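protein_17.txt follows; it contains compact mmCIF, C-alpha atoms and all ligand atoms.
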# COMPACT_ATOMS: atom_id res chain seq x y z
CA MET A 1 0.00 0.00 0.00
CA THR A 2 1.65 3.21 -1.16
CA LEU A 3 0.59 6.56 0.25
CA VAL A 4 1.63 9.73 -1.56
CA VAL A 5 2.23 12.60 0.87
CA THR A 6 2.58 16.01 -0.77
CA GLY A 7 4.30 18.80 1.14
CA GLY A 8 6.03 16.26 3.39
CA ALA A 9 9.00 18.58 4.04
CA GLY A 10 6.69 21.15 5.61
CA PHE A 11 5.59 21.47 9.20
CA ILE A 12 2.50 19.25 9.35
CA GLY A 13 3.46 16.99 6.43
CA SER A 14 6.75 16.03 8.08
CA ARG A 15 5.05 15.30 11.39
CA PHE A 16 2.49 13.19 9.51
CA LEU A 17 5.26 11.17 7.79
CA LYS A 18 6.80 10.47 11.19
CA TYR A 19 3.46 9.48 12.73
CA TYR A 20 2.53 7.31 9.75
CA ARG A 21 5.87 5.52 9.52
CA GLU A 22 5.67 4.57 13.21
CA LYS A 23 2.06 3.40 12.97
CA TYR A 24 2.27 1.59 9.60
CA PRO A 25 5.90 0.43 9.20
CA GLU A 26 4.91 -1.95 6.38
CA ARG A 27 3.36 0.68 4.13
CA ARG A 28 5.30 2.52 1.41
CA LEU A 29 5.49 6.30 1.68
CA VAL A 30 6.21 8.59 -1.24
CA CYS A 31 6.76 12.26 -0.53
CA ILE A 32 6.46 14.94 -3.23
CA ASP A 33 7.72 18.35 -2.19
CA LYS A 34 9.00 21.29 -4.21
CA LEU A 35 11.15 22.41 -1.27
CA THR A 36 10.02 26.01 -1.37
CA TYR A 37 11.35 28.39 1.30
CA ALA A 38 8.92 26.61 3.67
CA GLY A 39 10.20 23.08 2.98
CA ASN A 40 12.82 21.81 5.39
CA PRO A 41 14.94 18.95 3.98
CA ARG A 42 16.21 18.22 7.51
CA ALA A 43 12.70 17.12 8.44
CA LEU A 44 13.05 14.33 5.85
CA GLU A 45 16.47 13.11 7.01
CA PRO A 46 15.12 10.38 9.33
CA PHE A 47 13.37 8.71 6.38
CA LEU A 48 16.04 8.82 3.70
CA ALA A 49 17.66 5.49 4.61
CA ASP A 50 14.26 3.78 4.81
CA PRO A 51 13.76 1.47 1.77
CA GLY A 52 9.99 1.95 2.07
CA PHE A 53 10.33 5.71 1.60
CA ARG A 54 10.86 7.72 -1.58
CA PHE A 55 11.33 11.46 -1.90
CA LEU A 56 10.65 13.27 -5.15
CA GLN A 57 11.52 16.93 -5.32
CA ALA A 58 8.79 18.20 -7.63
CA ASP A 59 6.08 20.79 -7.96
CA ILE A 60 2.54 19.44 -7.60
CA CYS A 61 1.67 21.74 -10.54
CA ASP A 62 4.03 19.72 -12.76
CA ARG A 63 1.57 17.40 -14.45
CA GLU A 64 4.21 15.28 -16.18
CA ALA A 65 6.13 14.66 -12.96
CA VAL A 66 2.97 13.81 -11.02
CA GLU A 67 1.70 11.43 -13.72
CA ALA A 68 5.08 9.70 -13.98
CA LEU A 69 5.07 9.21 -10.21
CA PHE A 70 1.56 7.73 -10.28
CA GLU A 71 2.56 5.46 -13.18
CA ALA A 72 5.57 4.16 -11.25
CA GLU A 73 4.03 3.96 -7.79
CA ARG A 74 0.31 3.19 -8.36
CA PRO A 75 -0.65 4.67 -4.96
CA TRP A 76 -3.79 3.70 -3.07
CA ALA A 77 -4.14 7.21 -1.64
CA VAL A 78 -2.84 10.77 -1.72
CA ILE A 79 -2.86 13.18 1.21
CA ASN A 80 -2.34 16.75 0.08
CA PHE A 81 -0.44 19.00 2.47
CA ALA A 82 1.47 20.91 -0.22
CA ALA A 83 0.45 24.54 -0.15
CA GLU A 84 1.56 28.08 0.26
CA SER A 85 0.43 28.53 3.83
CA HIS A 86 1.35 31.96 5.20
CA VAL A 87 -1.49 34.52 5.24
CA ASP A 88 0.83 37.56 5.29
CA ARG A 89 2.60 36.36 2.14
CA SER A 90 -0.77 35.82 0.43
CA ILE A 91 -1.62 39.46 1.16
CA SER A 92 1.63 40.66 -0.47
CA ASP A 93 1.36 38.35 -3.48
CA PRO A 94 -1.63 36.06 -4.00
CA SER A 95 -0.51 34.57 -7.35
CA VAL A 96 1.57 31.65 -6.14
CA PHE A 97 -1.21 30.77 -3.68
CA LEU A 98 -3.66 30.29 -6.53
CA GLN A 99 -1.06 28.42 -8.57
CA THR A 100 -0.08 25.87 -5.93
CA ASN A 101 -3.16 25.67 -3.75
CA VAL A 102 -5.76 25.54 -6.52
CA LEU A 103 -4.08 24.44 -9.75
CA GLY A 104 -1.68 22.09 -7.98
CA THR A 105 -4.62 20.43 -6.27
CA GLN A 106 -6.29 20.07 -9.66
CA VAL A 107 -3.23 18.27 -11.08
CA LEU A 108 -3.31 15.81 -8.16
CA LEU A 109 -7.07 15.28 -8.51
CA ASP A 110 -6.71 14.63 -12.25
CA ALA A 111 -4.00 12.06 -11.58
CA CYS A 112 -6.19 10.36 -8.95
CA ARG A 113 -9.07 10.23 -11.44
CA ASP A 114 -6.92 9.02 -14.36
CA PHE A 115 -5.16 6.28 -12.38
CA GLY A 116 -8.26 4.34 -11.41
CA GLY A 117 -9.92 6.46 -8.72
CA VAL A 118 -7.18 6.90 -6.15
CA ARG A 119 -8.35 7.92 -2.66
CA PHE A 120 -7.67 11.65 -2.12
CA HIS A 121 -7.60 13.61 1.11
CA GLN A 122 -7.40 17.40 1.08
CA VAL A 123 -5.81 18.95 4.18
CA SER A 124 -7.59 22.24 4.63
CA THR A 125 -8.10 24.96 7.19
CA ASP A 126 -10.82 26.45 9.38
CA GLU A 127 -9.93 29.78 7.78
CA VAL A 128 -12.15 28.90 4.79
CA TYR A 129 -15.18 29.74 6.98
CA GLY A 130 -14.04 33.32 7.53
CA ASP A 131 -14.13 34.76 11.02
CA LEU A 132 -16.50 35.03 13.99
CA PRO A 133 -17.29 38.03 16.20
CA LEU A 134 -15.28 38.31 19.42
CA ASP A 135 -18.40 38.86 21.56
CA ARG A 136 -20.16 35.60 20.59
CA PRO A 137 -18.11 32.79 22.20
CA ASP A 138 -21.16 30.53 21.75
CA LEU A 139 -20.69 30.48 17.95
CA LYS A 140 -18.53 27.86 16.24
CA PHE A 141 -18.25 26.80 12.62
CA THR A 142 -19.68 23.42 11.64
CA GLU A 143 -19.04 21.59 8.39
CA ALA A 144 -22.33 23.07 7.11
CA SER A 145 -21.26 26.68 7.72
CA PRO A 146 -20.95 28.79 4.56
CA LEU A 147 -17.49 29.51 3.15
CA ARG A 148 -16.52 33.16 3.62
CA PRO A 149 -12.72 33.20 3.29
CA GLY A 150 -11.16 36.52 4.28
CA SER A 151 -7.61 36.30 2.86
CA PRO A 152 -6.18 35.26 -0.51
CA TYR A 153 -4.71 32.23 1.34
CA SER A 154 -8.04 31.05 2.73
CA ALA A 155 -9.82 31.83 -0.57
CA SER A 156 -7.34 29.58 -2.40
CA LYS A 157 -7.86 26.80 0.17
CA ALA A 158 -11.65 27.14 -0.12
CA ALA A 159 -11.37 26.88 -3.92
CA ALA A 160 -9.29 23.69 -3.57
CA ASP A 161 -11.81 22.18 -1.13
CA LEU A 162 -14.66 22.86 -3.54
CA LEU A 163 -12.70 21.44 -6.45
CA ALA A 164 -11.96 18.24 -4.52
CA LEU A 165 -15.62 17.83 -3.58
CA ALA A 166 -16.66 18.52 -7.19
CA TYR A 167 -14.40 15.65 -8.34
CA ARG A 168 -16.31 13.43 -5.93
CA HIS A 169 -19.63 14.56 -7.42
CA THR A 170 -18.57 14.53 -11.07
CA TYR A 171 -16.13 11.61 -11.28
CA ALA A 172 -17.09 9.66 -8.13
CA LEU A 173 -13.53 10.15 -6.89
CA PRO A 174 -13.15 8.93 -3.27
CA VAL A 175 -12.43 12.30 -1.70
CA THR A 176 -12.48 13.64 1.86
CA VAL A 177 -11.67 17.11 3.18
CA SER A 178 -10.55 18.15 6.68
CA ARG A 179 -10.54 21.69 8.04
CA CYS A 180 -8.24 22.17 10.98
CA SER A 181 -7.56 25.02 13.36
CA ASN A 182 -4.09 26.52 14.14
CA ASN A 183 -1.41 23.86 14.61
CA TYR A 184 1.61 24.18 16.85
CA GLY A 185 4.56 21.88 17.54
CA PRO A 186 8.11 21.16 16.39
CA PHE A 187 9.47 21.96 12.91
CA GLN A 188 7.11 24.87 12.20
CA HIS A 189 8.60 27.55 9.95
CA PRO A 190 9.94 30.52 11.97
CA GLU A 191 7.64 32.95 10.18
CA LYS A 192 4.63 31.49 12.04
CA LEU A 193 3.41 33.02 15.31
CA ILE A 194 4.77 30.67 18.00
CA PRO A 195 8.26 29.98 16.56
CA HIS A 196 8.54 33.63 15.50
CA MET A 197 7.89 34.82 19.06
CA ILE A 198 10.35 32.30 20.49
CA GLY A 199 12.97 33.42 17.96
CA CYS A 200 12.44 37.12 18.78
CA ALA A 201 12.64 36.36 22.50
CA LEU A 202 15.93 34.47 22.16
CA LYS A 203 17.48 37.14 19.94
CA GLY A 204 16.67 39.80 22.53
CA GLU A 205 14.18 41.50 20.20
CA GLU A 206 10.69 42.82 20.91
CA LEU A 207 7.79 40.40 20.53
CA PRO A 208 5.57 41.98 17.85
CA VAL A 209 1.81 41.51 18.35
CA TYR A 210 -0.63 42.62 15.65
CA GLY A 211 -3.13 45.34 16.65
CA THR A 212 -4.28 44.88 20.24
CA GLY A 213 -3.66 41.13 20.26
CA ALA A 214 -7.39 40.47 20.73
CA ASN A 215 -7.70 38.10 17.76
CA VAL A 216 -8.64 34.62 18.89
CA ARG A 217 -7.38 31.32 17.47
CA ASP A 218 -8.09 27.72 18.40
CA TRP A 219 -4.82 25.82 18.91
CA ILE A 220 -4.20 22.11 18.34
CA HIS A 221 -1.00 20.13 18.71
CA VAL A 222 0.21 18.86 15.34
CA SER A 223 0.26 15.25 16.67
CA ASP A 224 -3.47 15.43 17.40
CA HIS A 225 -4.04 16.72 13.87
CA CYS A 226 -2.00 13.80 12.44
CA ARG A 227 -4.14 11.27 14.35
CA ALA A 228 -7.28 12.92 12.99
CA LEU A 229 -5.96 12.74 9.42
CA ASP A 230 -5.11 9.06 9.84
CA ALA A 231 -8.62 8.33 11.16
CA ILE A 232 -10.22 10.16 8.21
CA LEU A 233 -7.98 8.48 5.65
CA GLU A 234 -8.70 5.02 7.06
CA ARG A 235 -12.33 5.30 8.13
CA GLY A 236 -13.76 8.59 6.84
CA THR A 237 -16.79 8.58 4.57
CA GLU A 238 -16.11 9.58 0.98
CA GLY A 239 -17.47 12.99 0.05
CA GLU A 240 -17.47 14.19 3.67
CA ILE A 241 -15.85 17.20 5.29
CA TYR A 242 -14.46 16.91 8.84
CA ASN A 243 -13.61 19.82 11.11
CA VAL A 244 -10.58 19.27 13.35
CA GLY A 245 -10.11 21.51 16.39
CA GLY A 246 -8.27 21.59 19.68
CA ASN A 247 -11.15 23.14 21.65
CA CYS A 248 -8.53 25.50 23.00
CA GLU A 249 -9.23 29.10 22.13
CA THR A 250 -6.89 31.84 23.18
CA ASP A 251 -6.30 35.41 22.07
CA ASN A 252 -2.92 36.28 20.61
CA LEU A 253 -1.89 38.56 23.47
CA THR A 254 -2.61 35.89 26.10
CA LEU A 255 -0.66 33.37 24.04
CA VAL A 256 2.37 35.66 23.76
CA LYS A 257 2.21 36.44 27.49
CA THR A 258 2.12 32.69 28.19
CA LEU A 259 5.22 32.29 26.02
CA CYS A 260 6.93 35.08 27.99
CA GLY A 261 6.14 33.14 31.18
CA ILE A 262 7.56 29.86 29.81
CA LEU A 263 10.67 31.63 28.48
CA GLY A 264 11.14 33.64 31.66
CA ILE A 265 11.16 37.05 29.96
CA PRO A 266 9.21 40.15 31.02
CA GLU A 267 5.93 40.98 29.27
CA THR A 268 7.32 44.50 28.69
CA ARG A 269 9.16 42.95 25.71
CA ILE A 270 5.79 42.75 23.90
CA ALA A 271 5.33 45.48 21.26
CA PHE A 272 2.06 46.22 19.50
CA VAL A 273 2.47 46.69 15.75
CA ALA A 274 0.16 47.79 12.90
CA ASP A 275 -2.57 45.21 12.39
CA ARG A 276 -2.62 42.76 9.48
CA LYS A 277 -4.90 43.89 6.62
CA GLY A 278 -8.36 42.31 7.00
CA HIS A 279 -7.21 40.45 10.13
CA ASP A 280 -9.79 37.74 10.93
CA ARG A 281 -11.12 38.25 14.47
CA ARG A 282 -11.86 34.76 15.74
CA TYR A 283 -11.74 31.20 14.42
CA ALA A 284 -13.49 28.35 16.20
CA VAL A 285 -14.64 25.01 14.84
CA ASP A 286 -17.04 22.44 16.18
CA ALA A 287 -15.20 19.12 15.78
CA GLY A 288 -18.16 17.08 17.10
CA LYS A 289 -18.67 15.19 13.84
CA LEU A 290 -15.14 13.78 13.90
CA GLN A 291 -15.58 12.81 17.55
CA THR A 292 -18.94 11.09 17.16
CA THR A 293 -18.34 9.39 13.80
CA LEU A 294 -14.67 8.43 14.03
CA GLY A 295 -14.04 8.53 17.79
CA TRP A 296 -11.25 11.11 17.56
CA GLN A 297 -10.53 13.77 20.09
CA ALA A 298 -7.61 16.05 20.84
CA GLU A 299 -5.43 14.59 23.60
CA ILE A 300 -2.53 16.95 24.21
CA PRO A 301 -3.37 19.70 26.74
CA PHE A 302 -2.30 23.12 25.43
CA GLU A 303 -0.21 24.04 28.50
CA ARG A 304 1.88 20.87 28.25
CA GLY A 305 2.07 20.92 24.44
CA LEU A 306 3.17 24.54 24.40
CA LYS A 307 5.83 23.99 27.05
CA ASP A 308 7.19 20.95 25.16
CA THR A 309 7.16 22.95 21.94
CA VAL A 310 9.11 25.83 23.45
CA GLU A 311 11.63 23.35 24.86
CA TRP A 312 11.97 21.76 21.42
CA TYR A 313 12.76 25.12 19.81
CA LEU A 314 15.27 25.85 22.54
CA ARG A 315 17.00 22.52 21.83
CA HIS A 316 16.93 23.11 18.05
CA ARG A 317 17.99 26.73 17.72
CA GLU A 318 19.74 25.91 14.43
CA MET A 319 16.36 25.10 12.83
CA TRP A 320 15.05 28.61 13.06
CA GLU A 321 18.44 30.34 12.97
CA GLN A 322 19.18 28.83 9.52
CA THR A 323 15.70 29.51 8.10
CA GLU A 324 14.98 33.06 9.14
CA ALA A 325 11.45 34.37 8.58
N1 LIG A 401 -0.19 25.25 9.94
C1 LIG A 401 -1.47 25.27 10.30
O1 LIG A 401 -1.80 25.73 11.39
C2 LIG A 401 -2.53 24.69 9.40
C3 LIG A 401 -3.84 24.58 9.88
C4 LIG A 401 -4.82 24.01 9.05
C5 LIG A 401 -4.48 23.57 7.79
N2 LIG A 401 -3.19 23.71 7.33
C6 LIG A 401 -2.90 23.20 5.98
O2 LIG A 401 -2.00 22.12 6.16
C7 LIG A 401 -1.09 22.03 5.05
C8 LIG A 401 0.33 22.02 5.56
O3 LIG A 401 0.55 23.22 6.31
P1 LIG A 401 1.98 23.54 6.94
O4 LIG A 401 1.77 24.50 8.04
O5 LIG A 401 2.70 22.27 7.16
O6 LIG A 401 2.65 24.31 5.70
P2 LIG A 401 4.19 24.59 5.42
O7 LIG A 401 4.22 25.91 4.73
O8 LIG A 401 5.01 24.38 6.64
O9 LIG A 401 4.61 23.44 4.39
C9 LIG A 401 4.16 23.41 3.07
C10 LIG A 401 5.02 22.42 2.29
O10 LIG A 401 4.53 22.36 0.95
C11 LIG A 401 5.61 22.43 0.06
N3 LIG A 401 5.13 23.05 -1.20
C12 LIG A 401 4.72 24.33 -1.37
N4 LIG A 401 4.36 24.52 -2.66
C13 LIG A 401 4.55 23.33 -3.30
C14 LIG A 401 4.36 22.90 -4.62
N5 LIG A 401 3.90 23.72 -5.57
N6 LIG A 401 4.63 21.61 -4.94
C15 LIG A 401 5.11 20.76 -3.98
N7 LIG A 401 5.34 21.12 -2.71
C16 LIG A 401 5.05 22.40 -2.37
C17 LIG A 401 6.66 23.30 0.77
O11 LIG A 401 7.97 23.09 0.24
C18 LIG A 401 6.50 22.83 2.20
O12 LIG A 401 7.34 21.72 2.47
C19 LIG A 401 -1.42 23.22 4.15
O13 LIG A 401 -2.23 22.76 3.10
C20 LIG A 401 -2.19 24.18 5.06
O14 LIG A 401 -3.11 24.94 4.31
C21 LIG A 401 -2.21 24.27 8.10
Go ahead and express the file in the form of structure tokens.
Ligand SMILES: NC(=O)c1ccc[n+]([C@@H]2O[C@H](COP(=O)([O-])OP(=O)(O)OC[C@H]3O[C@@H](n4cnc5c(N)ncnc54)[C@H](O)[C@@H]3O)[C@@H](O)[C@H]2O)c1
Amino acid sequence: MTLVVTGGAGFIGSRFLKYYREKYPERRLVCIDKLTYAGNPRALEPFLADPGFRFLQADICDREAVEALFEAERPWAVINFAAESHVDRSISDPSVFLQTNVLGTQVLLDACRDFGGVRFHQVSTDEVYGDLPLDRPDLKFTEASPLRPGSPYSASKAAADLLALAYRHTYALPVTVSRCSNNYGPFQHPEKLIPHMIGCALKGEELPVYGTGANVRDWIHVSDHCRALDAILERGTEGEIYNVGGNCETDNLTLVKTLCGILGIPETRIAFVADRKGHDRRYAVDAGKLQTTLGWQAEIPFERGLKDTVEWYLRHREMWEQTEA
């Protein structure tokens, strides 16, 4: 059984490869990654000597390369992590987001269709639902909520989700989609909030917080997300969407203050900077469907997961020192 993992040199993809290799040592894993600025070849090092692992440095938009890989490997499934994933970059230049996130997904879907109906899972984000007001903590997005993406990044992810579901409807392709909240954990690119703050703290710089820091995100440990993806890939119902959330909402300022506490630095190091354009206020998903239908729930408490994550970054300073944001 060969699983194709796209974007496996990225943050979540690399954690998924690790999880999957430990859980299914007999299965073949093939990773396609373009190794953009966000891809970290060091995250693939543990797999390179594994005869059941193959790495192909390629762009998912490269139809010839993707078809040749399918021809050679005849995978049973594809899990698509490959994406441009940083909202701020999508605001500066949306083009590559549409290219990779939408057209790249189309190339993969076409290959799945043309090679006998290969199982396809699209790894998506809660950001496709847009944002929620800060004064309505009772509201959460369900899988039936309308799509109202607020950034070029989330619009490109929403387009890819819809395309994947349309391939299910039109070609009966066995497709599932998951929409997860903010992940944290080891190997995240230093441009993202938690590693960025840790990096600034260790370099003696100010910790920049957008606006007033009131924006709320739901945090989930990347290992919990990987378990959810495995459950959906193995037992999910074709054509279904599954929300994945940590049930752990916190505003950005509280999160950064918590990091100051773990790192032992004063909160006076926090600096408020001009807000992100169109900054989504609050994300929150109801992950009840995944819990009731597939028996999944998040297991890693945020306090412990965050502390472990900070310790990991402290032990691996070279990771973020070599790949500056
Ligand atoms: N990080 C989060 O909190 C989060 C939450 C929900 C969903 N997601 C989704 O999960 C997926 C993985 O996110 P991440 O945080 O690991 O992203 P990441 O930016 O860390 O990694 C993306 C990976 O994709 C590769 N890639 C980019 N363009 C490519 C292309 N054209 N062809 C082949 N490879 C390409 C990069 O080299 C990199 O290794 C994305 O689809 C993202 O939208 C992320």
- request: Kindly provide, as a VMD selection string, all nucleotide and amino acid residues lying within 7 Å of ligand LIG 401 (chain A), counting all atoms listed in the file.
  value: chain A and resid 6 to 13 32 to 40 58 to 61 80 to 86 100 104 123 to 126 157 179 to 184 188 to 189
query: Using only C-alpha atoms, which residue out of A:Ser14, A:Gln57, A:Thr250, A:Gln122 lies closest to Glu45 (chain A)?
result: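 Going through A:Ser14, A:Gln57, A:Thr250, A:Gln122 one by one, the smallest distance to Glu45 (chain A) is for A:Ser14.
Atom pair CA of Asp114 (chain A) / CA of Phe70 (chain A) has a distance of 9.5 Å (rounded to one decimal).
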- request: Rank nothing, just name the residue among A:Ala298, A:Ala228, A:Cys31, A:Val128 nearest to Tyr242 (chain A), using only C-alpha atoms.
  value: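 Smallest separation from Tyr242 (chain A) among the options: A:Ala228.
For the choices A:Pro94, A:Gly305, A:Pro208, A:Gly245, the atom-to-atom distance to Gly185 (chain A) is smallest for A:Gly305 when using all atoms listed in the file.
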- prompt: Hey, which of A:Glu249, A:Glu67, A:Glu26, A:Glu143 ends up closest to Phe115 (chain A)? Count all atoms listed in the file.
  reply: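 Selected residue with least distance to Phe115 (chain A): A:Glu67.
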